[in-house]
Structure formats: structure tokens, C-alpha cells
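The next block holds one structure in the form of C-alpha cells; read it before the comments.
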Amino acid sequence: MNHIKSKQRVADHGEIFTPAWMVEAMLDLVKGETERIDSRFLESACGDGNFLVQVLRRKLAAVEMKYGKSDFERQHYALLGLMCLYGIELLPDNIAECRANLLEVFAEYLNLDPSDDLYRAAFYVLSQNLVHGDAMTMRTHDAKAITFAEWGYLGKGRFQRRDFRFDSLTQSAAYSAEDSLFAHLGKHEIFTPAKTYPPMTVIELRCRSAGGCSMSGQASFTLRSRNPDVLTCIANLSNDEVFTPPEFANRMLDTLTEAWAANHKGANLWADQTVKFLDPCTKSGVFLREITSRLTQGLEREIPNLEKRVNHILTKQVFGIGITQITSLLARRSVYCSKHAKGEHSIAKGFATDDGNIWFKRMEHTWAGDKCKFCGAGKSVFDRAEGLETDADTFRRDLSIAFQSPTRFLKAA
Ligand SMILES: C[S@@+](CC[C@H](N)C(=O)[O-])C[C@H]1O[C@@H](n2cnc3c(N)ncnc32)[C@H](O)[C@@H]1O
């Protein structure tokens with residue numbers, strides 16, 4: 001292996017790569033830590049990843065020993081191992097190579113293809129953890145304060161993320177020094193996260209990657225981004241529409257999980273491939289998205305192939321009715337990652353129409369005497385207001401059909 005790229009780079013940046021034997025010898029000095037899946041390593045001048053790659057290999061060996069028998073655990077703990085590696089590098093070609101080298105080792109271990117969700121989730125994690133910046137000034141190449149994501153695994157396929165500023169983290173030791181002004185304080189009192197995220201699954205991580213859900217494996221690492229959950233942003237907008245924040249939707253789904261278990265001898269709602277979910281007034285699609293995400297985890301055993309599993313869930317289990325044309329498009333974007341259910345970027349592959357299972361339709365009343373059979377609207381009132389029908393009328397009718405005759409709706413798909 002070549003330890004220098006050019007004399008000029010050695011002179012300008014002290015760029016000399018550490019030989020493999022020395023990397024191994026140095027890592028052996030902290031052997032126990034390198035073999036612990038969730039120990040965190042930061043290489044503040046990581047080059048193309050000589051140290052980080054070897055730490056990853058050791059972590060993956062530990063994953064294999066501990067979780068080799070279950071694909072689900074193996075994949076999630078391997079991702080956790082990757083999540084615990086951090087780097088900073090000044091030169092753009094080095095940081096790109098470093099990310100690519102780590103991704104290659106990770107993908108090889110799990111036999112992943114660039115189109116796999118886990119590959120894309122790992123791609124996203126690396127774009128966050130390996131920073132193109134200056135470790136001395138603690139700024140990114142575009143002059144922002146460097147922040148690092150602290151990842152944790154909550155189990156059942158869900159990851160927790162909190163972001164901390166690098167400059168705060170580096171002062172952690174000073175704060176806890178014996179005579180320091182802050183020595184008596186708990187670290188939590190000083191080091192509050194710059195940002196806390198709701199728990200995320202592999203699919204959600206994948207959807208955060210630079211190209212979103214449709215990112216091609218060839219996409220450049222230079223498209224780094226720190227995308228917040230768009231549905232959280234929408235929920236926070238000052239607006240006359242009220243959107244449910246993802247965190248709140250999840251709390252409601254937790255209640256549903258418990259109620260289902262209580263009524264079904266402890267059964268896991270999300271591991272049942274026959275249950276159908278209908279959001280009769282979907283807006284951002286947040287409930288349907290979170291339901292899809294939970295089913296994707298819960299049905300892992302019953303339908304091991306991820307693509308088949310997601311297709312089954314989206315075509316047979318998850319349904320919505322948009323209140324308006326625009327909210328139906330929004331919901332489709334949230335659930336299918338495309339406003340066209342059968343479009344090229346859609347994660348669902350089995351739909352014949354662009355609506356998929358998220359419908360918005362203007363429906364005519366079905367009169368039975370003076371009343372609509374479905375929504376109960378009076379014909380005489382309707383005749384008076386002909387031509388002035390509002391979204392609310394359509395919505396009321398759709399909703400009442402959904403409640404009174406769910407099969408009519410489900411069959412209409
Ligand atoms: C001696 S090399 C070591 C690379 C790698 N750690 C290894 O052992 O193979 C130093 C690396 O630090 C990078 N570097 C120099 N100054 C830096 C700074 N202020 N912040 C981040 N990286 C820097 C260089 O571009 C170079 O890739």
C-alpha cells in the first residue's frame with residue numbers, strides 16, 4: 001500500500017497514511033473497546049479510514065459472534081457498530097474515500113446491494129458521521145459548527161439519534177475536572193443535545209439519505225445533507241391545517257399496540273399480515289407512514305424478503321382517503337416515497353394505478369328518497385346548493401362510506 005499520495009500533500013497537510021501492521025498494533029492497545037459493538041471511536045484526522053475500517057471489521061466480527069444466528073439482529077447490530085464510528089477529514093477526496101471504504105466493508109459483511117434499504121441507511125449514517133471539515137476549528141468545510149449524532153439502538157429495529165456539538169463535547173473533560181466550576185454538576189446539565197430525533201427505522205434512515213427513498217447506489221457522497229423529518233417540519237408550520245407531528249402519531253400507535261395486545265391475548269399487532277389499516281382522513285400521511293414502518297419491522301419473520309414485505313403491506317394492509325387532492329398527493333409521497341404509487345421512485349411495486357391505496361375521489365350522492373344512502377345529506381338541501389358542493393361534503397360522504405361500508409372502499413381499490 002502507498003502511504004503517501006504526493007509530496008505536496010505531505011507538506012501541506014501532513015498526509016501520510018498509517019501502515020496496516022501499525023494500525024493493528026495500536027488498536028490492540030484498546031482491544032476490548034474495538035471488539036465492543038457500541039463503543040464509539042472518533043478519528044479526528046481520518047484520512048481514507050485506515051483506523052476506522054479496521055475498527056469496523058473488529059466490531060462486525062463481534063456482531064457475527066453474538067448475533068450471527070438472526071438476520072434481523074445481525075443487520076441491526078452491524079448498523080449500530082457502523083453508527084459508532086466518527087471521523088473528520090480536511091480533504092474532500094479523503095473523506096469520500098473513507099466513507100466509501102467503510103460502506104464497502106459493511107456491505108460485504110451483510111452481502112448488500114446498493115439498492116438495499118440497509119445499504120442506503122448505512123450510506124446516510126456515514127454521510128452524517130464522517131465530516132468533511134477541520135478538526136482544529138471544529139467547523140465543517142462550509143463553516144458550520146461540527147455536530148455529531150449520538151446513535152443508540154432501542155431494539156425492534158428502531159434507532160435513537162441525538163445531536164451534540166463537537167465543541168461542547170471536547171470541553172466535557174474540562175467540565176468534570178476536580179476543581180472546575182462545574183464539577184458538581186451532572187454532565188446532562190451542561191451537555192444538552194442540539195437536536196433530538198424521534199426513533200427511526202432502517203427505512204426511515206434510508207429515506208433521509210441524500211436522494212431520499214429513490215437514491216441510486218451511485219449517488220455521490222458529496223450530496224451531504226442533514227434532512228429533518230419533513231412531516232415534523234410540516235406539523236410545525238403556522239397554518240390553518242393542523243398536521244399531527246410524527247412523535248404524537250407514534251404515541252397514539254403505541255396505545256393501539258397495547259389495546260390490541262390486551263384484546264388478542266398479547267398478540268403483536270404489527271406482526272399480523274391480515275390486519276388492514278384505514279386512515280379515513282389522511283393529510284400528511286404520517287399515520288400511514290408510521291404504520292407501514294411498524295409493519296415492516298413486525299412482519300420480518302413472516303415475510304423475510306423486504307421488497308415482498310413492503311409490497312404486501314402497501315398493497316394489502318395500508319389504506320387512506322385524502323381529504324383533498326393535495327393531501328392525497330402529500331400522503332402518497334410520505335407512504336410510497338412518490339406521489340405516483342406506480343411511479344419509478346415509488347417503493348411499492350404492485351400497484352396498477354397512481355393512486356395506490358390512498359384515494360381521493362369526488363363521489364356522487366346515492367339518493368334513497370330524500371337522503372343520501374351513505375352520508376345522510378338531504379336531497380332538497382343539495383339541490384338548492386347545486387354547484388356549490390364543498391370539500392367538506394365530499395369528505396363527509398367519503399368518510400361515512402368508509403365507516404358504514406369499509407368493504408366497499410377496500411374493494412374499490
Ligand atoms: C497523517 S494523515 C493520517 C490519516 C489516517 N489517520 C491514517 O492514519 O492513515 C493526516 C490526515 O489528516 C488530515 N488533516 C490535516 N489537518 C486536518 C485538520 N485540521 N482537520 C482534519 N483533518 C486534517 C490530512 O488531510 C490527512 O488525511
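Ordered as shown in the C-alpha cells, chains take letters A, B, and onward, while each chain numbers its residues from 1 and ligands are numbered from 1 in the order shown.
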
Worksheet entry | Shell around range 317-326 of chain A at 6 Å using only C-alpha atoms, local window under 6 positions removed, as a ChimeraX atom specification | /A:276-282,357-360,395

Can you tell me, as a PDB file with C-alpha atoms, in the first residue's frame, what residues are no more than 12 Å from Leu256 in chain A when counting only C-alpha atoms, ignoring any on the same chain fewer than 3 positions away?
```
ATOM      1  CA  ALA A 249     -48.757   9.842  15.918  1.00  0.00           C
ATOM      2  CA  ASN A 250     -46.367   7.263  17.324  1.00  0.00           C
ATOM      3  CA  ARG A 251     -47.656   7.761  20.830  1.00  0.00           C
ATOM      4  CA  MET A 252     -51.178   7.097  19.534  1.00  0.00           C
ATOM      5  CA  LEU A 253     -49.991   3.981  17.719  1.00  0.00           C
ATOM      6  CA  ALA A 259     -55.106  -2.207  23.212  1.00  0.00           C
ATOM      7  CA  TRP A 260     -54.646  -4.825  20.503  1.00  0.00           C
ATOM      8  CA  ALA A 261     -52.429  -6.949  22.728  1.00  0.00           C
ATOM      9  CA  ALA A 262     -54.922  -6.676  25.587  1.00  0.00           C
ATOM     10  CA  ASN A 263     -57.762  -7.853  23.326  1.00  0.00           C
ATOM     11  CA  HIS A 264     -55.819 -10.531  21.477  1.00  0.00           C
ATOM     12  CA  ALA A 267     -50.545 -10.655  20.184  1.00  0.00           C
ATOM     13  CA  ASN A 268     -48.326  -8.171  18.362  1.00  0.00           C
ATOM     14  CA  LEU A 269     -50.496  -6.071  16.070  1.00  0.00           C
ATOM     15  CA  TRP A 270     -47.552  -5.309  13.819  1.00  0.00           C
ATOM     16  CA  PHE A 277     -55.485  -0.126   8.433  1.00  0.00           C
ATOM     17  CA  PHE A 287     -50.132   7.652  10.471  1.00  0.00           C
ATOM     18  CA  ILE A 291     -47.944   2.078  10.443  1.00  0.00           C
TER      19      ILE A 291
END
```

Give me the residues of chain A that have any atom at most 8 Å from an atom of ligand 1; for each, the nearest atom pair and the distance in Å, rounded to one decimal. Use only C-alpha atoms and all ligand atoms, sort by chain and number, and format it as JSON lines.
```
{"residue": "A:His3", "atom": "CA", "partner": "ligand 1", "partner_atom_place_in_ligand_line": "9 (O)", "distance": 7.7}
{"residue": "A:Arg9", "atom": "CA", "partner": "ligand 1", "partner_atom_place_in_ligand_line": "25 (O)", "distance": 7.7}
{"residue": "A:His13", "atom": "CA", "partner": "ligand 1", "partner_atom_place_in_ligand_line": "15 (C)", "distance": 4.7}
{"residue": "A:Gly14", "atom": "CA", "partner": "ligand 1", "partner_atom_place_in_ligand_line": "1 (C)", "distance": 5.2}
{"residue": "A:Glu15", "atom": "CA", "partner": "ligand 1", "partner_atom_place_in_ligand_line": "2 (S)", "distance": 4.0}
{"residue": "A:Ile16", "atom": "CA", "partner": "ligand 1", "partner_atom_place_in_ligand_line": "1 (C)", "distance": 4.2}
{"residue": "A:Phe17", "atom": "CA", "partner": "ligand 1", "partner_atom_place_in_ligand_line": "9 (O)", "distance": 3.3}
{"residue": "A:Thr18", "atom": "CA", "partner": "ligand 1", "partner_atom_place_in_ligand_line": "9 (O)", "distance": 4.1}
{"residue": "A:Pro19", "atom": "CA", "partner": "ligand 1", "partner_atom_place_in_ligand_line": "9 (O)", "distance": 7.1}
{"residue": "A:Val23", "atom": "CA", "partner": "ligand 1", "partner_atom_place_in_ligand_line": "8 (O)", "distance": 7.5}
{"residue": "A:Glu43", "atom": "CA", "partner": "ligand 1", "partner_atom_place_in_ligand_line": "6 (N)", "distance": 6.7}
{"residue": "A:Ser44", "atom": "CA", "partner": "ligand 1", "partner_atom_place_in_ligand_line": "21 (C)", "distance": 5.9}
{"residue": "A:Ala45", "atom": "CA", "partner": "ligand 1", "partner_atom_place_in_ligand_line": "12 (O)", "distance": 3.8}
{"residue": "A:Cys46", "atom": "CA", "partner": "ligand 1", "partner_atom_place_in_ligand_line": "6 (N)", "distance": 4.1}
{"residue": "A:Gly47", "atom": "CA", "partner": "ligand 1", "partner_atom_place_in_ligand_line": "27 (O)", "distance": 3.5}
{"residue": "A:Asp48", "atom": "CA", "partner": "ligand 1", "partner_atom_place_in_ligand_line": "5 (C)", "distance": 6.5}
{"residue": "A:Gly49", "atom": "CA", "partner": "ligand 1", "partner_atom_place_in_ligand_line": "5 (C)", "distance": 6.1}
{"residue": "A:Asn50", "atom": "CA", "partner": "ligand 1", "partner_atom_place_in_ligand_line": "9 (O)", "distance": 4.8}
{"residue": "A:Phe51", "atom": "CA", "partner": "ligand 1", "partner_atom_place_in_ligand_line": "8 (O)", "distance": 6.3}
{"residue": "A:Ile88", "atom": "CA", "partner": "ligand 1", "partner_atom_place_in_ligand_line": "21 (C)", "distance": 5.3}
{"residue": "A:Glu89", "atom": "CA", "partner": "ligand 1", "partner_atom_place_in_ligand_line": "22 (N)", "distance": 3.8}
{"residue": "A:Leu90", "atom": "CA", "partner": "ligand 1", "partner_atom_place_in_ligand_line": "22 (N)", "distance": 4.1}
{"residue": "A:Leu91", "atom": "CA", "partner": "ligand 1", "partner_atom_place_in_ligand_line": "25 (O)", "distance": 5.1}
{"residue": "A:Asn94", "atom": "CA", "partner": "ligand 1", "partner_atom_place_in_ligand_line": "27 (O)", "distance": 6.3}
{"residue": "A:His132", "atom": "CA", "partner": "ligand 1", "partner_atom_place_in_ligand_line": "21 (C)", "distance": 7.9}
{"residue": "A:Gly133", "atom": "CA", "partner": "ligand 1", "partner_atom_place_in_ligand_line": "21 (C)", "distance": 6.0}
{"residue": "A:Asp134", "atom": "CA", "partner": "ligand 1", "partner_atom_place_in_ligand_line": "20 (N)", "distance": 3.6}
{"residue": "A:Ala135", "atom": "CA", "partner": "ligand 1", "partner_atom_place_in_ligand_line": "20 (N)", "distance": 3.8}
{"residue": "A:Met136", "atom": "CA", "partner": "ligand 1", "partner_atom_place_in_ligand_line": "19 (N)", "distance": 4.8}
{"residue": "A:Thr137", "atom": "CA", "partner": "ligand 1", "partner_atom_place_in_ligand_line": "19 (N)", "distance": 7.2}
```

Discussion item. I need the residue nearest Cys84 in chain A from this list: A:Arg294, A:Lys7, A:Arg332, A:Arg161. Use only C-alpha atoms for the distance.
Written reply: A:Arg161

Item to complete: Write down as a ChimeraX atom specification the residues belonging to range 30-127 of chain A that are assigned helix (DSSP H, G or I) by DSSP computed on the backbone.
Response: /A:31-34,50-67,71-83,92-110,117-127

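Within 10 Å of Gly155 in chain A, once only C-alpha atoms are used and residues closer than 5 positions along the same chain are dropped, the contacting residues are Glu73, His76, Tyr77 and Gln160 of chain A.
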
Pull N, CA and C atoms from the residues just selected and write them as a PDB file, in the first residue's frame.
```
ATOM      1  N   GLU A  73     -31.235  -9.311  13.829  1.00  0.00           N
ATOM      2  CA  GLU A  73     -30.331  -8.768  14.846  1.00  0.00           C
ATOM      3  C   GLU A  73     -28.963  -8.450  14.232  1.00  0.00           C
ATOM      4  N   HIS A  76     -29.129  -5.222  12.253  1.00  0.00           N
ATOM      5  CA  HIS A  76     -29.311  -4.009  13.051  1.00  0.00           C
ATOM      6  C   HIS A  76     -28.103  -3.727  13.941  1.00  0.00           C
ATOM      7  N   TYR A  77     -27.498  -4.766  14.489  1.00  0.00           N
ATOM      8  CA  TYR A  77     -26.314  -4.521  15.324  1.00  0.00           C
ATOM      9  C   TYR A  77     -25.100  -4.148  14.467  1.00  0.00           C
ATOM     10  N   GLN A 160     -32.300   5.493  17.930  1.00  0.00           N
ATOM     11  CA  GLN A 160     -32.498   6.829  18.515  1.00  0.00           C
ATOM     12  C   GLN A 160     -31.327   7.706  18.100  1.00  0.00           C
TER      13      GLN A 160
END
```

Worksheet entry | Near-Leu306 in chain A list (10 Å; only C-alpha atoms; drop same-chain fewer than 4 positions) as a list of chain:residue names | A:Asp116, A:Asp117, A:Thr296, A:Gln297, A:Leu299, A:Glu300, A:Val310, A:Asn311, A:His312

Could you build a table of the residues in range 287-368 of chain A lying no more than 12 Å from range 193-207 of chain A, giving for each the nearest pair of atoms and their separation in Å rounded to one decimal place, using only C-alpha atoms, ordered by chain and ascending residue number, as a tab-separated table?
```
residue	atom	partner	partner_atom	distance
A:Arg289	CA	A:Glu204	CA	9.5
A:Glu290	CA	A:Glu204	CA	9.5
A:Ile291	CA	A:Thr201	CA	11.9
A:Thr292	CA	A:Ile203	CA	9.8
A:Ser293	CA	A:Thr201	CA	7.1
A:Arg294	CA	A:Thr201	CA	8.6
A:Leu295	CA	A:Thr201	CA	11.1
A:Thr296	CA	A:Ile203	CA	8.6
A:Gln297	CA	A:Thr201	CA	8.1
A:Gly298	CA	A:Thr201	CA	11.6
A:Leu306	CA	A:Ile203	CA	10.3
A:Glu307	CA	A:Ile203	CA	11.5
A:Val310	CA	A:Ile203	CA	10.2
A:Arg333	CA	A:Cys207	CA	11.2
A:Ser334	CA	A:Cys207	CA	9.8
A:Val335	CA	A:Cys207	CA	10.7
A:Tyr336	CA	A:Cys207	CA	10.6
A:Cys337	CA	A:Cys207	CA	7.9
A:Ser338	CA	A:Cys207	CA	11.3
A:His345	CA	A:Cys207	CA	11.6
A:Ser346	CA	A:Cys207	CA	11.7
A:Ile347	CA	A:Ile203	CA	10.4
```

Item to complete: Any chance you could list, as a PyMOL selection string, the residues in range 34-136 of chain A that come up strand (DSSP E) when DSSP is run on the backbone?
Response: chain A and resi 41-43+85-89+130-134
